[in-house]
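*Asks:* Enclosed is the structure file protein_34.pdb (PDB, C-alpha atoms).
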ATOM      1  CA  MET A 362     -17.099 -16.324  10.661
ATOM      2  CA  LEU A 363     -15.226 -16.804  13.923
ATOM      3  CA  GLU A 364     -16.396 -20.409  14.064
ATOM      4  CA  THR A 365     -15.176 -20.875  10.522
ATOM      5  CA  ILE A 366     -11.830 -19.354  11.427
ATOM      6  CA  THR A 367     -11.486 -21.557  14.506
ATOM      7  CA  THR A 368     -12.368 -24.672  12.521
ATOM      8  CA  LEU A 369      -9.997 -23.839   9.683
ATOM      9  CA  LYS A 370      -7.257 -22.956  12.141
ATOM     10  CA  LYS A 371      -7.642 -26.340  13.768
ATOM     11  CA  LYS A 372      -7.222 -27.970  10.402
ATOM     12  CA  GLY A 373      -4.300 -25.664   9.734
ATOM     13  CA  ASP A 374      -5.945 -24.657   6.484
ATOM     14  CA  ILE A 375      -4.798 -21.082   6.080
ATOM     15  CA  ALA A 376      -5.303 -21.254   2.321
ATOM     16  CA  ALA A 377      -9.023 -21.867   2.888
ATOM     17  CA  LEU A 378      -9.089 -19.052   5.424
ATOM     18  CA  ASN A 379      -7.451 -16.773   2.883
ATOM     19  CA  SER A 380     -10.041 -17.685   0.247
ATOM     20  CA  LEU A 381     -12.787 -16.224   2.471
ATOM     21  CA  VAL A 382     -11.382 -12.744   1.809
ATOM     22  CA  PRO A 383     -12.680 -11.183  -1.430
ATOM     23  CA  TYR A 384      -9.712  -8.769  -1.689
ATOM     24  CA  ALA A 385      -7.280 -11.713  -1.641
ATOM     25  CA  GLY A 386      -8.936 -13.159  -4.727
ATOM     26  CA  ALA A 387      -9.140  -9.762  -6.419
ATOM     27  CA  VAL A 388      -5.416  -8.968  -6.239
ATOM     28  CA  GLY A 389      -4.032 -12.535  -6.208
ATOM     29  CA  LEU A 390      -3.042 -13.154  -2.580
ATOM     30  CA  GLU A 391      -2.481 -16.819  -1.734
ATOM     31  CA  ALA A 392      -0.910 -18.723   1.154
ATOM     32  CA  PHE A 393       1.031 -21.951   1.534
ATOM     33  CA  VAL A 394       3.175 -23.637   4.159
ATOM     34  CA  ASP A 395       6.808 -24.565   3.534
ATOM     35  CA  ASP A 396       9.463 -26.161   5.794
ATOM     36  CA  THR A 397       9.831 -23.053   7.892
ATOM     37  CA  GLY A 398       6.238 -21.892   8.116
ATOM     38  CA  LEU A 399       3.597 -19.851   6.388
ATOM     39  CA  VAL A 400       4.382 -17.993   3.173
ATOM     40  CA  THR A 401       1.968 -15.466   1.656
ATOM     41  CA  VAL A 402       2.194 -14.918  -2.106
ATOM     42  CA  LEU A 403       1.096 -12.032  -4.275
ATOM     43  CA  ARG A 404       0.594 -13.451  -7.761
ATOM     44  CA  HIS A 405       1.490 -11.068 -10.510
ATOM     45  CA  ARG A 406      -1.464  -9.430 -12.234
ATOM     46  CA  ASP A 407      -1.305  -6.588 -14.715
ATOM     47  CA  SER A 408      -4.021  -4.833 -12.699
ATOM     48  CA  ASN A 409      -1.597  -4.655  -9.733
ATOM     49  CA  VAL A 410       0.930  -2.545 -11.618
ATOM     50  CA  GLY A 411       1.695   0.916 -10.235
ATOM     51  CA  ASN A 412       4.600   1.888 -12.468
ATOM     52  CA  THR A 413       4.184   0.933 -16.111
ATOM     53  CA  GLN A 414       7.662   2.211 -17.002
ATOM     54  CA  ILE A 415       9.614  -0.523 -15.170
ATOM     55  CA  PRO A 416       6.967  -2.183 -14.848
ATOM     56  CA  ALA A 417       6.573  -2.588 -11.090
ATOM     57  CA  VAL A 418       3.859  -3.616  -8.644
ATOM     58  CA  HIS A 419       1.994  -0.714  -7.001
ATOM     59  CA  GLY A 420       3.495   0.177  -3.609
ATOM     60  CA  GLY A 421       0.042  -0.011  -2.076
ATOM     61  CA  VAL A 422      -0.392  -3.616  -3.203
ATOM     62  CA  VAL A 423       3.041  -4.435  -1.777
ATOM     63  CA  GLY A 424       1.817  -2.868   1.475
ATOM     64  CA  ALA A 425      -1.339  -4.978   1.225
ATOM     65  CA  LEU A 426       0.754  -8.137   0.811
ATOM     66  CA  LEU A 427       2.762  -7.287   3.929
ATOM     67  CA  GLU A 428      -0.359  -6.485   5.965
ATOM     68  CA  HIS A 429      -2.140  -9.614   4.747
ATOM     69  CA  ALA A 430       0.907 -11.782   5.462
ATOM     70  CA  ALA A 431       1.121 -10.374   8.990
ATOM     71  CA  ILE A 432      -2.541 -11.199   9.707
ATOM     72  CA  LEU A 433      -2.323 -14.711   8.233
ATOM     73  CA  HIS A 434       0.875 -15.295  10.182
ATOM     74  CA  LEU A 435      -0.828 -14.311  13.445
ATOM     75  CA  LEU A 436      -3.795 -16.557  12.664
ATOM     76  CA  ALA A 437      -1.633 -19.487  11.619
ATOM     77  CA  GLU A 438       1.148 -19.469  14.127
ATOM     78  CA  THR A 439      -0.215 -17.981  17.323
ATOM     79  CA  GLU A 440      -3.088 -18.842  19.613
ATOM     80  CA  VAL A 441      -5.151 -15.744  18.915
ATOM     81  CA  ALA A 442      -8.859 -16.499  19.050
ATOM     82  CA  VAL A 443     -10.089 -13.440  17.139
ATOM     83  CA  VAL A 444      -9.186 -11.876  13.819
ATOM     84  CA  PRO A 445      -6.406  -9.430  14.758
ATOM     85  CA  ARG A 446      -7.352  -5.800  14.158
ATOM     86  CA  ILE A 447      -4.611  -3.725  12.618
ATOM     87  CA  VAL A 448      -3.564  -0.548  14.433
ATOM     88  CA  ASN A 449      -0.795   0.618  12.154
ATOM     89  CA  LEU A 450       1.585  -0.478   9.450
ATOM     90  CA  SER A 451       4.936   0.976   8.461
ATOM     91  CA  VAL A 452       6.360  -0.124   5.126
ATOM     92  CA  ASP A 453       9.932   0.391   3.894
ATOM     93  CA  TYR A 454      10.347   0.039   0.135
ATOM     94  CA  LEU A 455      13.782  -1.444  -0.475
ATOM     95  CA  ARG A 456      13.928  -2.386  -4.151
ATOM     96  CA  PRO A 457      11.619  -2.163  -7.164
ATOM     97  CA  CYS A 458       8.941  -4.853  -6.880
ATOM     98  CA  LEU A 459       8.989  -6.180 -10.428
ATOM     99  CA  ALA A 460       6.119  -7.634 -12.433
ATOM    100  CA  THR A 461       6.411 -11.180 -11.119
ATOM    101  CA  ASP A 462       5.207 -13.151  -8.072
ATOM    102  CA  THR A 463       6.148 -11.719  -4.662
ATOM    103  CA  PHE A 464       6.459 -13.709  -1.427
ATOM    104  CA  ALA A 465       6.200 -12.623   2.203
ATOM    105  CA  ARG A 466       6.904 -14.138   5.576
ATOM    106  CA  GLY A 467       5.989 -12.779   8.996
ATOM    107  CA  ARG A 468       7.616 -13.002  12.391
ATOM    108  CA  VAL A 469       5.973 -12.123  15.696
ATOM    109  CA  ILE A 470       8.385  -9.861  17.549
ATOM    110  CA  LYS A 471       6.213  -9.569  20.600
ATOM    111  CA  GLN A 472       2.814 -10.897  21.512
ATOM    112  CA  GLY A 473       1.247  -9.337  24.576
ATOM    113  CA  ARG A 474      -2.235  -9.820  25.957
ATOM    114  CA  ARG A 475      -3.704  -7.015  23.879
ATOM    115  CA  VAL A 476      -1.183  -6.126  21.195
ATOM    116  CA  ALA A 477       1.090  -8.026  18.837
ATOM    117  CA  ASN A 478       4.074  -6.556  17.010
ATOM    118  CA  VAL A 479       4.807  -8.347  13.730
ATOM    119  CA  ARG A 480       7.643  -7.905  11.233
ATOM    120  CA  VAL A 481       7.211  -8.978   7.635
ATOM    121  CA  GLU A 482       9.596  -9.150   4.696
ATOM    122  CA  ALA A 483       8.706  -9.506   1.034
ATOM    123  CA  TRP A 484      10.974 -10.823  -1.709
ATOM    124  CA  GLN A 485      10.858 -12.037  -5.283
ATOM    125  CA  GLU A 486      13.724 -14.165  -6.634
ATOM    126  CA  ASN A 487      15.894 -14.169  -3.528
ATOM    127  CA  PRO A 488      14.781 -13.946   0.128
ATOM    128  CA  GLU A 489      18.177 -12.401   0.908
ATOM    129  CA  ARG A 490      17.244  -9.452  -1.307
ATOM    130  CA  PRO A 491      13.933  -8.216   0.096
ATOM    131  CA  VAL A 492      11.891  -5.788  -1.983
ATOM    132  CA  ALA A 493      10.005  -4.435   1.038
ATOM    133  CA  ALA A 494       9.779  -4.824   4.804
ATOM    134  CA  ALA A 495       7.176  -3.748   7.313
ATOM    135  CA  HIS A 496       6.307  -3.750  10.966
ATOM    136  CA  ALA A 497       2.751  -3.634  12.187
ATOM    137  CA  HIS A 498       0.750  -3.586  15.408
ATOM    138  CA  PHE A 499      -2.445  -5.590  15.854
ATOM    139  CA  LEU A 500      -5.056  -5.590  18.608
ATOM    140  CA  LEU A 501      -5.767  -9.114  19.787
ATOM    141  CA  ALA A 502      -8.691  -8.417  22.089
TER     142      ALA A 502
ATOM    143  CA  MET B 370       9.891  24.044  -4.138
ATOM    144  CA  THR B 371      10.614  23.762  -7.824
ATOM    145  CA  ASP B 372      13.725  25.912  -7.790
ATOM    146  CA  SER B 373      14.904  24.726 -11.160
ATOM    147  CA  GLY B 374      13.402  22.969 -14.115
ATOM    148  CA  ARG B 375       9.966  23.367 -15.575
ATOM    149  CA  PRO B 376       6.968  23.607 -13.238
ATOM    150  CA  PRO B 377       4.791  20.514 -12.875
ATOM    151  CA  ASP B 378       2.136  19.992 -15.536
ATOM    152  CA  ILE B 379      -0.923  19.473 -13.318
ATOM    153  CA  ALA B 380      -3.265  18.278 -16.095
ATOM    154  CA  ARG B 381      -0.719  15.696 -17.247
ATOM    155  CA  ILE B 382      -0.146  14.443 -13.696
ATOM    156  CA  ILE B 383      -3.887  13.910 -13.147
ATOM    157  CA  ARG B 384      -4.102  11.955 -16.431
ATOM    158  CA  VAL B 385      -1.042   9.863 -15.560
ATOM    159  CA  PHE B 386      -2.210   8.944 -12.069
ATOM    160  CA  GLU B 387      -5.760   8.091 -13.076
ATOM    161  CA  ALA B 388      -4.261   5.843 -15.785
ATOM    162  CA  ILE B 389      -2.076   3.794 -13.380
ATOM    163  CA  PRO B 390      -3.351   0.229 -13.795
ATOM    164  CA  HIS B 391      -3.968  -0.381 -10.097
ATOM    165  CA  ALA B 392      -5.522   3.070  -9.590
ATOM    166  CA  ARG B 393      -7.936   2.235 -12.432
ATOM    167  CA  GLU B 394      -8.593  -1.190 -10.948
ATOM    168  CA  LEU B 395      -9.641   0.389  -7.639
ATOM    169  CA  GLY B 396     -11.525   3.217  -9.376
ATOM    170  CA  MET B 397      -9.533   6.164  -8.001
ATOM    171  CA  HIS B 398     -10.648   9.594  -9.156
ATOM    172  CA  VAL B 399      -8.798  12.895  -8.771
ATOM    173  CA  ILE B 400     -11.041  15.597  -7.324
ATOM    174  CA  GLU B 401      -8.496  18.389  -7.215
ATOM    175  CA  LEU B 402      -4.751  18.815  -7.583
ATOM    176  CA  ARG B 403      -2.614  21.852  -7.074
ATOM    177  CA  HIS B 404       0.988  22.540  -6.109
ATOM    178  CA  GLY B 405       1.604  20.730  -2.812
ATOM    179  CA  HIS B 406      -1.928  19.474  -2.196
ATOM    180  CA  GLY B 407      -4.458  17.075  -3.694
ATOM    181  CA  PHE B 408      -7.790  15.346  -3.146
ATOM    182  CA  MET B 409      -8.998  11.990  -4.466
ATOM    183  CA  ARG B 410     -12.082   9.816  -4.184
ATOM    184  CA  LEU B 411     -12.278   6.034  -4.020
ATOM    185  CA  PRO B 412     -15.641   4.314  -4.527
ATOM    186  CA  TYR B 413     -16.717   1.400  -2.344
ATOM    187  CA  ASP B 414     -16.363  -1.874  -4.250
ATOM    188  CA  ALA B 415     -17.370  -5.228  -2.745
ATOM    189  CA  ARG B 416     -14.603  -6.976  -4.721
ATOM    190  CA  PHE B 417     -12.085  -5.442  -2.345
ATOM    191  CA  ILE B 418     -13.649  -6.415   0.980
ATOM    192  CA  GLY B 419     -11.103  -7.523   3.581
ATOM    193  CA  ASN B 420     -13.536  -8.651   6.281
ATOM    194  CA  PRO B 421     -16.382 -10.726   4.786
ATOM    195  CA  LYS B 422     -18.281 -10.582   8.074
ATOM    196  CA  THR B 423     -18.524  -6.789   8.197
ATOM    197  CA  GLY B 424     -18.007  -5.810   4.543
ATOM    198  CA  VAL B 425     -15.155  -3.471   5.498
ATOM    199  CA  LEU B 426     -12.595  -2.942   2.726
ATOM    200  CA  HIS B 427      -9.124  -4.492   3.062
ATOM    201  CA  GLY B 428      -6.495  -2.207   4.573
ATOM    202  CA  GLY B 429      -4.515  -2.656   1.366
ATOM    203  CA  VAL B 430      -7.124  -0.626  -0.486
ATOM    204  CA  VAL B 431      -6.522   2.336   1.825
ATOM    205  CA  THR B 432      -2.745   1.837   1.537
ATOM    206  CA  SER B 433      -2.912   1.863  -2.268
ATOM    207  CA  PHE B 434      -5.174   4.912  -2.202
ATOM    208  CA  LEU B 435      -2.922   6.962   0.090
ATOM    209  CA  ASP B 436       0.280   5.852  -1.682
ATOM    210  CA  THR B 437      -1.169   6.924  -5.023
ATOM    211  CA  LEU B 438      -2.469  10.219  -3.670
ATOM    212  CA  GLY B 439       0.855  10.918  -1.944
ATOM    213  CA  GLY B 440       2.844  10.213  -5.097
ATOM    214  CA  MET B 441       0.573  12.428  -7.155
ATOM    215  CA  VAL B 442       0.910  15.324  -4.726
ATOM    216  CA  VAL B 443       4.703  14.960  -4.762
ATOM    217  CA  MET B 444       4.746  15.021  -8.553
ATOM    218  CA  ALA B 445       2.686  18.218  -8.400
ATOM    219  CA  SER B 446       5.310  19.732  -6.076
ATOM    220  CA  VAL B 447       8.549  19.096  -7.995
ATOM    221  CA  ALA B 448       9.994  20.016 -11.377
ATOM    222  CA  ASP B 449       8.251  18.461 -14.358
ATOM    223  CA  GLY B 450       9.622  15.017 -15.188
ATOM    224  CA  THR B 451      11.304  14.369 -11.813
ATOM    225  CA  PRO B 452      11.179  10.588 -11.210
ATOM    226  CA  LEU B 453       9.818   9.499  -7.833
ATOM    227  CA  ALA B 454       9.614   6.284  -5.836
ATOM    228  CA  THR B 455       7.997   5.604  -2.446
ATOM    229  CA  LEU B 456      10.691   5.189   0.208
ATOM    230  CA  ASP B 457       8.439   4.504   3.154
ATOM    231  CA  LEU B 458       4.805   4.748   4.118
ATOM    232  CA  ARG B 459       3.243   4.560   7.552
ATOM    233  CA  ILE B 460      -0.479   4.149   7.993
ATOM    234  CA  ASP B 461      -2.407   4.556  11.236
ATOM    235  CA  TYR B 462      -5.817   2.966  10.973
ATOM    236  CA  LEU B 463      -8.100   5.293  12.910
ATOM    237  CA  HIS B 464     -11.474   3.754  12.168
ATOM    238  CA  PRO B 465     -12.718   1.014   9.822
ATOM    239  CA  ALA B 466     -14.031   2.404   6.521
ATOM    240  CA  ARG B 467     -17.837   2.316   6.412
ATOM    241  CA  PRO B 468     -19.146  -0.446   4.113
ATOM    242  CA  GLY B 469     -20.932   1.032   1.105
ATOM    243  CA  SER B 470     -19.427   4.518   1.468
ATOM    244  CA  ASP B 471     -16.930   6.299  -0.762
ATOM    245  CA  ILE B 472     -13.533   7.098   0.734
ATOM    246  CA  PHE B 473     -11.994  10.524   0.247
ATOM    247  CA  GLY B 474      -8.341  11.391   0.583
ATOM    248  CA  SER B 475      -6.419  14.581   1.165
ATOM    249  CA  ALA B 476      -2.633  14.782   1.051
ATOM    250  CA  GLU B 477      -0.052  17.505   1.375
ATOM    251  CA  CYS B 478       3.581  17.530   0.311
ATOM    252  CA  TYR B 479       4.947  19.729   3.090
ATOM    253  CA  LYS B 480       8.683  19.585   2.357
ATOM    254  CA  VAL B 481      10.865  18.875  -0.654
ATOM    255  CA  THR B 482      14.648  18.545  -0.527
ATOM    256  CA  ASP B 483      17.022  17.671  -3.393
ATOM    257  CA  SER B 484      16.492  13.949  -2.743
ATOM    258  CA  VAL B 485      13.355  13.438  -0.683
ATOM    259  CA  ALA B 486       9.759  14.664  -0.587
ATOM    260  CA  PHE B 487       7.750  14.459   2.656
ATOM    261  CA  VAL B 488       4.000  13.854   2.621
ATOM    262  CA  ARG B 489       1.151  13.598   5.089
ATOM    263  CA  GLY B 490      -2.297  12.415   4.148
ATOM    264  CA  LEU B 491      -5.691  11.454   5.493
ATOM    265  CA  ALA B 492      -8.407   9.092   4.267
ATOM    266  CA  TYR B 493     -11.891   9.980   5.475
ATOM    267  CA  HIS B 494     -15.634   9.846   4.798
ATOM    268  CA  GLU B 495     -17.173  13.160   3.784
ATOM    269  CA  THR B 496     -15.336  15.308   6.349
ATOM    270  CA  PHE B 497     -11.990  15.282   8.153
ATOM    271  CA  ARG B 498     -13.963  14.647  11.358
ATOM    272  CA  ASP B 499     -14.804  11.180  10.066
ATOM    273  CA  PRO B 500     -11.245   9.868   9.568
ATOM    274  CA  ILE B 501     -10.341   6.353   8.412
ATOM    275  CA  ALA B 502      -6.565   6.412   8.225
ATOM    276  CA  ASN B 503      -3.692   8.830   8.589
ATOM    277  CA  CYS B 504      -0.467   8.425   6.650
ATOM    278  CA  THR B 505       3.008   9.856   6.540
ATOM    279  CA  ALA B 506       5.242   8.953   3.642
ATOM    280  CA  THR B 507       8.539   9.869   2.052
ATOM    281  CA  PHE B 508       9.387   9.669  -1.631
ATOM    282  CA  MET B 509      12.833   9.507  -3.226
ATOM    283  CA  LEU B 510      13.294  11.967  -6.060
ATOM    284  CA  GLY B 511      15.469  11.163  -9.068
ATOM    285  CA  ALA B 512      17.069   7.821  -9.968
ATOM    286  CA  THR B 513      14.873   5.122 -11.451
ATOM    287  CA  GLY B 514      11.535   6.365 -10.243
ATOM    288  CA  PHE B 515       8.164   6.978 -11.827
ATOM    289  CA  THR B 516       7.675   9.975 -14.127
ATOM    290  CA  GLY B 517       4.558   8.900 -15.969
ATOM    291  CA  LYS B 518       6.268   9.882 -19.197
ATOM    292  CA  THR B 519       6.650   7.422 -22.017
ATOM    293  CA  ASP B 520      10.132   8.567 -23.059
ATOM    294  CA  THR B 521      13.187   7.198 -21.254
ATOM    295  CA  PRO B 522      13.528   8.904 -17.882
ATOM    296  CA  GLY B 523      16.663  11.010 -17.768
ATOM    297  CA  PRO B 524      18.294  12.648 -14.769
ATOM    298  CA  PRO B 525      15.878  14.868 -12.887
ATOM    299  CA  SER B 526      16.039  18.474 -13.945
ATOM    300  CA  GLY B 527      15.435  19.615 -10.358
ATOM    301  CA  GLY B 528      18.485  17.854  -8.908
ATOM    302  CA  GLY B 529      18.336  14.837  -6.633
ATOM    303  CA  GLN B 530      20.520  11.883  -5.789
ATOM    304  CA  PRO B 531      20.064   8.393  -7.129
ATOM    305  CA  CYS B 532      18.647   6.211  -4.365
TER     306      CYS B 532
END
Once more with this new file: its structure as structure tokens, please.

*Replies:*
Amino acid sequence: MLETITTLKKKGDIAALNSLVPYAGAVGLEAFVDDTGLVTVLRHRDSNVGNTQIPAVHGGVVGALLEHAAILHLLAETEVAVVPRIVNLSVDYLRPCLATDTFARGRVIKQGRRVANVRVEAWQENPERPVAAAHAHFLLA
Amino acid sequence: MTDSGRPPDIARIIRVFEAIPHARELGMHVIELRHGHGFMRLPYDARFIGNPKTGVLHGGVVTSFLDTLGGMVVMASVADGTPLATLDLRIDYLHPARPGSDIFGSAECYKVTDSVAFVRGLAYHETFRDPIANCTATFMLGATGFTGKTDTPGPPSGGGQPC
């Protein structure tokens, strides 16, 4: 697994790395690279809905997107040699996450020898109007 | 906690939460629900593995589980029909969930104000001494939140500010 990760990282193929994770396929998490870096996407699926009245994506799946985006971001854009292990995650829900695709981008606030602090924001139509934001700590060793 | 309005309809809340599409997808089951406290079970399912090397479930599964359980416990703690929406959720991952084992969850709504409900919860295997994740969460009451009712949500009968 680690060899696979190292190889895929060298090729910069985060999408292939993402496809190794069964959960990503089950809920519709994908990854691509744009001009400014890695973007993680949560494709809309009816099975991801938490509130059928709006309808809106389940807050837990939004949390999963943010956590997943943070991990992929660390793998893609830092020199970590292991899969980062999450310590904690704090999610702020800012707007209803409607039944459409949701995007997320991470930013490493601080990377130490043992711990990384990552911020992530998720949005739908407009990155200036985030639907959720999170910060998370990961163990790197 | 429910100073005004009708008391929560526990049987309806259990039905509503088990019928949430993503709760069904993950296979969540309510073990017990009463005013201010609830228990749920989540079966292990290989479709939701986050680490293919170890078989450990994705953290998002635990997040969805504790968010659902927290919301259900809040609904069981406020006046019937009060809309709710998760405001924030913090999860501390204490130990990876054991591959192949069911996850249990316990959550308590320990304070309700006009606008906000405060929750703490724990995901564990079999006993509290085998913890997987701890969570604290807050839920906004009122406004355009989730009621689980099919009719148009009106203003909450128990008060509360729009968020």

*Asks:* Per residue of region 437-510 of chain B within 10 Å of region 476-499 of chain A, record the nearest atom pair and its distance in Å to one decimal, counting only C-alpha atoms, with rows in chain order and ascending residue number, as a Markdown table.

*Replies:*
| residue | atom | partner | partner_atom | distance |
| --- | --- | --- | --- | --- |
| B:Leu456 | CA | A:Ala493 | CA | 9.7 |
| B:Asp457 | CA | A:Ala493 | CA | 9.3 |
| B:Leu458 | CA | A:Ala495 | CA | 9.4 |
| B:Arg459 | CA | A:Ala495 | CA | 9.2 |
| B:Ile460 | CA | A:Ala497 | CA | 9.4 |
| B:Asp461 | CA | A:His498 | CA | 9.7 |

*Asks:* Tell me, in Å to one decimal, how far CA of Phe464 (chain A) is from CA of His405 (chain A).

*Replies:*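 Between CA of Phe464 (chain A) and CA of His405 (chain A) the gap is 10.7 Å.
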
*Asks:* Need to verify the contact set: Asn412 (chain A), 9 Å, only C-alpha atoms, exclusion of same-chain residues closer than 6 positions in sequence. Can you return it as a ChimeraX atom specification?

*Replies:* /A:418-419 /B:389-390,514-517

*Asks:* Please indicate the distance in Å from CA of Pro421 (chain B) to CA of Tyr384 (chain A), rounded to one decimal place.

*Replies:* 9.5 Å

*Asks:* Which residues match the ChimeraX specification (/A :<9) & /B in the file above, as a ChimeraX atom specification?

*Replies:* /B:389-394,415-422,426-437,454-463,513-519,521-522

*Asks:* First collect every listed atom of region 381-394 of chain A; then fit an axis-aligned box around them, widen it by 3 Å on each side, and give centre and edge lengths in Å to one decimal, as JSON.

*Replies:*
{"center_x": -4.8, "center_y": -16.2, "center_z": -1.1, "size_x": 22.0, "size_y": 20.9, "size_z": 16.6}

*Asks:* Figure out the distance between CA of Gly473 (chain A) and CA of Thr397 (chain A), please, to one decimal in Å.

*Replies:* 23.2 Å

*Asks:* Quick one: residues within 10 Å of Thr439 (chain A), all atoms listed in the file, excluding same-chain residues fewer than 6 positions away - as a list in words?

*Replies:*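 My reading of the contact set: Leu433, Val469 and Gln472 of chain A.
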
*Asks:* Could you name the residues that touch region 467-472 of chain B at 6 Å or less, counting all atoms listed in the file, but leaving out those on the same chain fewer than 6 positions away, as a list in words?

*Replies:*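 The residues that qualify are Arg410, Leu411, Pro412, Tyr413, Gly424, Val425, Tyr493 and His494 of chain B.
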
*Asks:* Please determine, counting all atoms listed in the file, which residue among B:Phe386, B:Phe487, B:Phe408, B:Phe473 has the shortest atom-to-atom distance to Thr505 (chain B).

*Replies:* B:Phe487

*Asks:* I'd like the neighbourhood of region 379-382 of chain B as a PyMOL selection string, where a residue qualifies if any of its atoms comes within 12 Å (using all atoms listed in the file), though same-chain residues fewer than 6 positions away should be ignored.

*Replies:* chain B and resi 388-389+399+401-407+437-438+440-451+515-518

*Asks:* B:Ile501, B:Ala466, B:Glu495, B:Phe508: which is nearest Lys480 (chain B), counting only C-alpha atoms?

*Replies:* B:Phe508

*Asks:* From the list B:Phe497, B:Cys504, B:Met409, B:Leu453, which residue is nearest Gly474 (chain B) when using only C-alpha atoms?

*Replies:* B:Met409

*Asks:* Compare B:Pro452, B:Gly439, B:Gly396, B:Pro377 by their minimum atom-to-atom distance to Arg489 (chain B), counting all atoms listed in the file, and give me the closest one.

*Replies:*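 The shortest atom-to-atom distance to Arg489 (chain B) comes from B:Gly439.
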
*Asks:* Between A:Leu435, A:Val394, A:Cys458, A:Ile375, which one has atoms that come closest to Ile470 (chain A), using all atoms listed in the file?

*Replies:*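 Closest residue, counting all atoms listed in the file: A:Leu435.
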
*Asks:* Could you pull the residues within 10 Å of Ala392 (chain A), counting all atoms listed in the file, minus those fewer than 3 positions along the same chain, as a ChimeraX atom specification?

*Replies:* /A:374-380,385,395,399-403,429-430,433-434,464-465

*Asks:* With C-alpha atoms retained, export the selected residues as a compact mmCIF listing (two decimals), keeping the file's coordinate frame.

*Replies:*
# COMPACT_ATOMS: atom_id res chain seq x y z
CA ASP A 374 -5.94 -24.66 6.48
CA ILE A 375 -4.80 -21.08 6.08
CA ALA A 376 -5.30 -21.25 2.32
CA ALA A 377 -9.02 -21.87 2.89
CA LEU A 378 -9.09 -19.05 5.42
CA ASN A 379 -7.45 -16.77 2.88
CA SER A 380 -10.04 -17.68 0.25
CA ALA A 385 -7.28 -11.71 -1.64
CA ASP A 395 6.81 -24.56 3.53
CA LEU A 399 3.60 -19.85 6.39
CA VAL A 400 4.38 -17.99 3.17
CA THR A 401 1.97 -15.47 1.66
CA VAL A 402 2.19 -14.92 -2.11
CA LEU A 403 1.10 -12.03 -4.28
CA HIS A 429 -2.14 -9.61 4.75
CA ALA A 430 0.91 -11.78 5.46
CA LEU A 433 -2.32 -14.71 8.23
CA HIS A 434 0.88 -15.30 10.18
CA PHE A 464 6.46 -13.71 -1.43
CA ALA A 465 6.20 -12.62 2.20

*Asks:* Nearest to Leu390 (chain A) among A:Arg404, A:Arg466, A:Arg474, A:Ala502, with distances taken over all atoms listed in the file: which residue is it?

*Replies:*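 Of A:Arg404, A:Arg466, A:Arg474, A:Ala502, the one nearest Leu390 (chain A) is A:Arg404, counting all atoms listed in the file.
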